[in-house]
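Shown next, in structure tokens, is the structure this report addresses.
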Amino acid sequence: MKTSKNAEKINYTPPLLGNGSLCVMLDYCGCQKNAGMFDDKTCCVPETCVWWAGRRYRYDTVPERPDYKRYTLIPFGMVAEKINGCENCEPSDWEQSLDTDNGFMQSLCKCSGVNITTRAYVHFEYNMLSVKKTFDSALDYAFVYKLKGADGKKIERFLYTAKKIKNGAEISYSIDGKSLYSGKIYIFSDKDVCVKVEDDNVLLERRFEAGESASMFVLYCDDFERADYEKYLGGKRNEILKNPEKAFEESSQLWNRYMKLPHISLGNKKINNVYKTAQYHLKTLSTKWSVPMGINNVMWHGVYFAFDEIFTSTALLSSNHIPEAYKICKFRYDTLKNAAARVSSKDVKQANYFCESLEDGCDSGVLGFFREHVFQNTGVVLNFWEYYKYTCDTNFLKNMAYPVAKMCASFFMNNMVYKEESGKTVITACTDLERLGASVKNAYMTTCSAIKLFEVFYDISLIIGEDKGFAKQCLDTANALRKYLPNDGEKYIPYPGCTDKSIGVLSGCFPYSVQKNDDVFQKKAIEDFVGDELTFGNMYNVGKHISSWYAAWKGIVYAELRDAKAYGSLKQANESAGCFGEMFEINEKGCVFRPWFTTAAGAYIYAVNRMLVQRYGDVILIAPALAQCEKTFGFTLPVYKNTVVSVRVENLSLADITIHSTYSGLKVKLPVHIDVSAALKNGLITKTNEENIYLYNK
């Protein structure tokens, strides 16, 4: 996607470059002087310097944040430039594009009478930032790498020595952080340059003639990543210099391969573009642990939110990015011991995952009532369950999902389920969605999460043949909780006596799927929230619009109900998308919160995928929630049970369908407005005795 200085779209923020480890946002000059340009009030805009996932300070070493007690991420420098002696000149005109298919950004700036083209990327596989400059006129140019944070100050507790090397500099450093990190940064060019190291800056200077270009590279590695980082970096630098463009081509091919796994094509180009950006977005932030909200300190310091992972995990699974989704499960399995240590004793074995956690699974949250959520435990277990439903991996279910599900179910049974004297079984007081405040009793969303957790554990127990007694207790408790879900006699409500509205009433459909599609109370609860969504449609009590996250969440719910309003919800989410199709936490005039917000991107992807294809039993639903205005569309997407579906519809006629699966006897169901006569004639499908359901001819 593309934007420019004079584009009508407001609220520019630099595009994201990353590989799940290194995270960089470069503006239209290929620098980090500009966090964005916003039309009015701004709030919570990411700090544009180089960030590296997992590298943190101890919280007591960051005096400028005394109230937060966070293990903040360590900044690793900033990119700047000098043009004819002027540092970070503002261009008279510019345009910038983000190529999500190939993982790079490109820009053209007019500055001091020179047109400068920039191409920048972070390598798909290893931690290298590359910035290539091309000049149409002669000029003196310097690439500047500042060993400073986004505030322009020296990096805290960063001790380094700099050594000049051919056409670059080698930075050896140590940082007194959460661990003692030792590493190297190589800053070098593929052209002959003059190297200067002064005032915590590394400058690569040269007089360029018209038509010349140069690539600058910044390579990072440390002992937190690998013990032989010094040998590795030296070898990698030599490899890059042998063929500088090969590194770009290699990275581009890897990005292209990743981005092609899911395919969608809709008539609405904005949905296509936002979907593609969201897919790119999740990969840039998929660390070796899990997927955080972002990798910078404004994005909650790059920690991992257990609840939000259900949006990213389902997005990845339904896009056939199975290894990325597996990492989320593996992270929670590996840190089960921390969740268990929090609430277990000698005689009680149970687990309660922290709402926000560090890479080691330890708590990272600030003080506040929002720490008292419990529904995140169900999100954790659901990620395992969904992974199993897509892969049918029984060993995974037994060895990884089962212990996590059992300990989380035990926590709910021992601590959250309360039976009143009246005989009602309810969830005791806790924090539900944050806008509802602290200590809410019999909250709808948390109760739905408990029902789902108990039902999933029961299903797991049946499959692997373990804990049948406890599993039966879980199922009985789930049924008891269902009887007393809070309602006002017409619809479900956030909690008994609640006068506010909350998107939490949609949770019976997603993420917890505990209500049947024809549940009248659930449908009226959705209608009631939607009727007031402009007032209650943001995570916080701000703004006059519905956020892209909530709009996409609503889209998932409509897709689950097989309602074409899912399509309208996606269009509504698009209204808050940024210049490159990126999702914000909130983005409306006068109210901007956190661009490149992961949860919204995940929700958007999953809403699109569920709108296009679903599977129930041996029936595959084609376009169950797609609006009829989409006359020509196609997709290749996975569904449950190791099955991938490819469909092409032209002018509301089924032109092609292919299903790759280890299962036979699959059926497909299409909306009545899609003509299947050509597919029947060509033998792709065969009629059955069921209305609108056809046998797929393998």
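Labels for the structure tokens follow display order: chains A, B, ..., residues from 1 in each chain, ligands from 1.
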
Select from stretch 480-559 of chain A everything DSSP, run on the backbone, classes as helix (DSSP H, G or I), then give the selection as a VMD selection string. chain A and resid 480 to 482 503 to 508 520 to 531 533 to 536 548 to 559

Could those selected residues go to a file with C-alpha atoms, as a compact mmCIF listing (two decimals), in the first residue's frame?
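Wrote it out as selection26.txt, contents follow:
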# COMPACT_ATOMS: atom_id res chain seq x y z
CA ALA A 480 -25.01 -25.55 35.92
CA LEU A 481 -23.34 -22.25 34.96
CA ARG A 482 -25.39 -22.06 31.77
CA ILE A 503 -18.67 -6.16 23.73
CA GLY A 504 -18.22 -8.97 26.26
CA VAL A 505 -21.81 -10.06 25.51
CA LEU A 506 -20.56 -11.19 22.10
CA SER A 507 -18.19 -13.67 23.75
CA GLY A 508 -20.85 -16.37 23.84
CA VAL A 520 -32.61 -15.60 21.07
CA PHE A 521 -31.03 -14.03 24.17
CA GLN A 522 -27.63 -14.07 22.48
CA LYS A 523 -28.91 -12.48 19.28
CA LYS A 524 -30.68 -9.72 21.22
CA ALA A 525 -27.55 -9.12 23.30
CA ILE A 526 -25.56 -8.59 20.09
CA GLU A 527 -28.20 -6.23 18.70
CA ASP A 528 -28.22 -4.28 21.96
CA PHE A 529 -24.46 -3.76 21.94
CA VAL A 530 -24.38 -2.88 18.25
CA GLY A 531 -27.08 -0.29 18.83
CA GLU A 533 -21.39 0.60 19.71
CA LEU A 534 -20.34 4.16 18.93
CA THR A 535 -20.50 4.91 22.66
CA PHE A 536 -19.04 1.66 23.97
CA SER A 548 -10.97 -1.74 14.37
CA TRP A 549 -10.45 -4.50 16.97
CA TYR A 550 -14.05 -4.43 18.15
CA ALA A 551 -15.40 -4.10 14.60
CA ALA A 552 -13.38 -7.14 13.52
CA TRP A 553 -14.42 -9.04 16.67
CA LYS A 554 -18.00 -8.29 15.72
CA GLY A 555 -17.20 -9.54 12.21
CA ILE A 556 -16.04 -12.88 13.64
CA VAL A 557 -19.28 -13.19 15.60
CA TYR A 558 -21.43 -12.49 12.55
CA ALA A 559 -19.37 -15.00 10.58

Could you give me, as a JSON list (two decimals) with N, CA, C and O atoms, in the first residue's frame, the residues within 9 Å of A:Thr134, counting only C-alpha atoms and dropping anything in the same chain fewer than 5 positions from it?
[["chain", "number", "residue", "atom", "x", "y", "z"],
["A", 115, "ASN", "N", 16.43, 14.05, -5.76],
["A", 115, "ASN", "CA", 15.46, 12.97, -5.56],
["A", 115, "ASN", "C", 16.21, 11.77, -4.98],
["A", 115, "ASN", "O", 17.16, 11.26, -5.60],
["A", 116, "ILE", "N", 15.77, 11.33, -3.82],
["A", 116, "ILE", "CA", 16.43, 10.21, -3.13],
["A", 116, "ILE", "C", 15.43, 9.06, -2.99],
["A", 116, "ILE", "O", 14.36, 9.23, -2.40],
["A", 117, "THR", "N", 15.79, 7.92, -3.53],
["A", 117, "THR", "CA", 14.97, 6.71, -3.39],
["A", 117, "THR", "C", 15.55, 5.85, -2.28],
["A", 117, "THR", "O", 16.77, 5.65, -2.22],
["A", 118, "THR", "N", 14.67, 5.36, -1.42],
["A", 118, "THR", "CA", 15.09, 4.50, -0.32],
["A", 118, "THR", "C", 14.39, 3.16, -0.43],
["A", 118, "THR", "O", 13.19, 3.09, -0.69],
["A", 119, "ARG", "N", 15.13, 2.10, -0.25],
["A", 119, "ARG", "CA", 14.56, 0.76, -0.09],
["A", 119, "ARG", "C", 15.10, 0.18, 1.21],
["A", 119, "ARG", "O", 16.32, 0.15, 1.42],
["A", 210, "ALA", "N", 25.43, 11.62, -9.54],
["A", 210, "ALA", "CA", 24.09, 11.33, -10.04],
["A", 210, "ALA", "C", 24.00, 9.88, -10.53],
["A", 210, "ALA", "O", 24.88, 9.40, -11.25],
["A", 211, "GLY", "N", 22.95, 9.19, -10.09],
["A", 211, "GLY", "CA", 22.72, 7.82, -10.51],
["A", 211, "GLY", "C", 23.36, 6.76, -9.63],
["A", 211, "GLY", "O", 23.11, 5.57, -9.82],
["A", 212, "GLU", "N", 24.18, 7.20, -8.68],
["A", 212, "GLU", "CA", 24.85, 6.23, -7.80],
["A", 212, "GLU", "C", 23.90, 5.77, -6.69],
["A", 212, "GLU", "O", 22.94, 6.46, -6.32],
["A", 213, "SER", "N", 24.24, 4.61, -6.15],
["A", 213, "SER", "CA", 23.47, 4.08, -5.02],
["A", 213, "SER", "C", 24.42, 3.40, -4.06],
["A", 213, "SER", "O", 25.57, 3.09, -4.40],
["A", 214, "ALA", "N", 23.93, 3.15, -2.85],
["A", 214, "ALA", "CA", 24.70, 2.44, -1.83],
["A", 214, "ALA", "C", 23.74, 1.77, -0.87],
["A", 214, "ALA", "O", 22.68, 2.31, -0.55],
["A", 215, "SER", "N", 24.13, 0.59, -0.42],
["A", 215, "SER", "CA", 23.36, -0.11, 0.61],
["A", 215, "SER", "C", 24.12, -0.04, 1.92],
["A", 215, "SER", "O", 25.33, -0.28, 1.96]]

Secondary structure check, strand (DSSP E) residues of stretch 132-257 of chain A, as a PyMOL selection string: chain A and resi 132-135+139-146+158-165+168-176+180-189+194-198+201-208+213-222

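Residue nearest A:Tyr418 within the list A:Asn6, A:Lys110, A:Asn442, A:Leu26: A:Asn442 [criterion: smallest interatomic distance, only C-alpha atoms].
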
So, with only C-alpha atoms as the atoms that count, which of A:Asn399, A:Gln628, A:Asn651, A:Thr688 lies closest to A:Glu466?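 Smallest separation from A:Glu466 among the options: A:Asn399.
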
Please list as an mmCIF file with C-alpha atoms, in the first residue's frame every residue within 12 Å of A:Cys329, counting only C-alpha atoms and excluding residues in the same chain fewer than 3 positions away.
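Saved the output as out08.cif:
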data_model
loop_
_atom_site.group_PDB
_atom_site.id
_atom_site.type_symbol
_atom_site.label_atom_id
_atom_site.label_comp_id
_atom_site.auth_asym_id
_atom_site.auth_seq_id
_atom_site.Cartn_x
_atom_site.Cartn_y
_atom_site.Cartn_z
ATOM 1 C CA LYS A 288 10.321 -17.201 19.164
ATOM 2 C CA TRP A 289 8.103 -17.070 22.261
ATOM 3 C CA SER A 290 4.680 -15.837 21.140
ATOM 4 C CA VAL A 291 3.064 -12.815 19.471
ATOM 5 C CA ALA A 306 -2.705 -14.432 27.247
ATOM 6 C CA GLU A 309 -3.392 -14.629 21.866
ATOM 7 C CA ILE A 310 -6.743 -16.233 20.962
ATOM 8 C CA THR A 312 -3.636 -14.096 16.819
ATOM 9 C CA SER A 313 -3.641 -17.876 17.172
ATOM 10 C CA THR A 314 -6.961 -18.393 15.357
ATOM 11 C CA LEU A 317 -4.298 -21.393 12.200
ATOM 12 C CA ILE A 322 0.645 -23.725 11.606
ATOM 13 C CA PRO A 323 4.270 -23.334 12.869
ATOM 14 C CA GLU A 324 3.565 -19.752 13.967
ATOM 15 C CA ALA A 325 0.477 -20.888 15.894
ATOM 16 C CA TYR A 326 2.398 -23.768 17.446
ATOM 17 C CA ARG A 332 2.270 -21.439 27.257
ATOM 18 C CA TYR A 333 3.212 -25.094 27.776
ATOM 19 C CA ASP A 334 6.806 -24.133 28.603
ATOM 20 C CA THR A 335 5.619 -21.528 31.142
ATOM 21 C CA LEU A 336 2.915 -23.670 32.765
ATOM 22 C CA GLY A 379 -7.860 -18.372 25.848
ATOM 23 C CA VAL A 380 -4.680 -20.322 26.529
ATOM 24 C CA VAL A 381 -6.502 -23.662 26.520
ATOM 25 C CA LEU A 382 -8.547 -22.742 23.434
ATOM 26 C CA ASN A 383 -5.349 -22.139 21.469
ATOM 27 C CA PHE A 384 -4.315 -25.732 22.186
ATOM 28 C CA TRP A 385 -7.781 -27.031 21.326
ATOM 29 C CA GLU A 386 -7.986 -25.102 18.054
ATOM 30 C CA TYR A 387 -4.501 -26.280 17.101
ATOM 31 C CA TYR A 388 -5.644 -29.852 17.623
ATOM 32 C CA PHE A 396 0.094 -32.878 20.944
ATOM 33 C CA LEU A 397 -3.313 -33.095 22.619
ATOM 34 C CA ASN A 399 1.323 -34.387 25.944
ATOM 35 C CA MET A 400 0.870 -30.604 25.761
ATOM 36 C CA ALA A 401 -2.806 -29.594 25.711
ATOM 37 C CA TYR A 402 -4.017 -31.979 28.397
ATOM 38 C CA VAL A 404 -2.436 -27.198 30.575
ATOM 39 C CA ALA A 405 -6.205 -27.719 30.288
#

Between A:Ala80, A:Met128, A:Ala53, A:Leu285, which is the closest to A:Ile240 once you count only C-alpha atoms?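 Smallest separation from A:Ile240 among the options: A:Met128.
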
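Shortest atom-to-atom contact with A:Gly149 among A:Ser422, A:Thr632, A:Asn415, A:Asn201: A:Asn201, counting only C-alpha atoms.
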
Exercise: A:Lys667 partners within 6 Å, only C-alpha atoms, chain neighbours under 4 positions left out, as number ranges by chain: A: 619, 694-696

Name the residues in contact with A:Leu159 at a cut-off of 9 Å, using only C-alpha atoms, excluding same-chain residues fewer than 4 positions from it; report them as a list of chain:residue names.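 Near A:Leu159, the qualifying residues are A:Ile155, A:Ser172, A:Tyr173, A:Ser174, A:Ile175, A:Asp176.
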
For A:Ile463, the nearest of the candidates A:Asn682, A:Thr394, A:Thr425, A:Asn88, counting only C-alpha atoms: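 Checking each candidate against A:Ile463, we get A:Thr394 as the closest.
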
I'd like the neighbourhood of A:Arg342 as a ChimeraX atom specification, where a residue qualifies if any of its atoms comes within 9 Å (using only C-alpha atoms), though same-chain residues fewer than 6 positions away should be ignored. /A:350-354

Between atom CA of A:Val45 and atom CA of A:Phe593 - distance in Å to one decimal: 6.6 Å

Shortest contact to A:Ile171, candidates A:Asp222, A:Glu209, A:Ile622, A:Leu108, atoms counted only C-alpha atoms, goes to A:Asp222

Just to confirm, what's the straight-line distance from atom CA of A:Cys44 to atom CA of A:Ser130 in Å (one decimal)?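 Here the two named atoms are 27.3 Å from each other.
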
If I take atom CA of A:Ile546 and atom CA of A:Asp532, how far is one from the other in Å, to one decimal?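 Separation of atom CA of A:Ile546 and atom CA of A:Asp532: 9.7 Å.
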
What are the nearest atom pairs, with distances in Å to one decimal, for all residues of stretch 215-331 of chain A that come at most 12 Å from stretch 180-191 of chain A, using only C-alpha atoms, set out by chain and rising residue number as a tab-separated table?
residue	atom	partner	partner_atom	distance
A:Ser215	CA	A:Ser189	CA	5.7
A:Met216	CA	A:Ser189	CA	4.4
A:Phe217	CA	A:Phe188	CA	5.4
A:Val218	CA	A:Ile187	CA	4.6
A:Leu219	CA	A:Tyr186	CA	5.0
A:Tyr220	CA	A:Ile185	CA	4.8
A:Cys221	CA	A:Gly183	CA	5.8
A:Asp222	CA	A:Gly183	CA	3.8
A:Asp223	CA	A:Ser182	CA	5.8
A:Phe224	CA	A:Tyr181	CA	6.5
A:Glu225	CA	A:Gly183	CA	9.3
A:Arg226	CA	A:Gly183	CA	9.7
A:Ala227	CA	A:Gly183	CA	9.7
A:Asp228	CA	A:Gly183	CA	10.0
A:Tyr229	CA	A:Gly183	CA	7.1
A:Glu230	CA	A:Lys184	CA	7.0
A:Lys231	CA	A:Lys184	CA	10.5
A:Tyr232	CA	A:Lys184	CA	10.3
A:Leu233	CA	A:Tyr186	CA	7.7
A:Gly234	CA	A:Tyr186	CA	8.6
A:Gly235	CA	A:Tyr186	CA	11.4
A:Lys236	CA	A:Tyr186	CA	10.0
A:Arg237	CA	A:Tyr186	CA	7.8
A:Asn238	CA	A:Asp190	CA	10.6
A:Glu239	CA	A:Asp190	CA	11.6
A:Ile240	CA	A:Asp190	CA	8.8
A:Leu241	CA	A:Asp190	CA	6.2
A:Lys242	CA	A:Asp190	CA	9.1
A:Asn243	CA	A:Asp190	CA	9.1
A:Pro244	CA	A:Asp190	CA	7.0
A:Glu245	CA	A:Asp190	CA	10.0
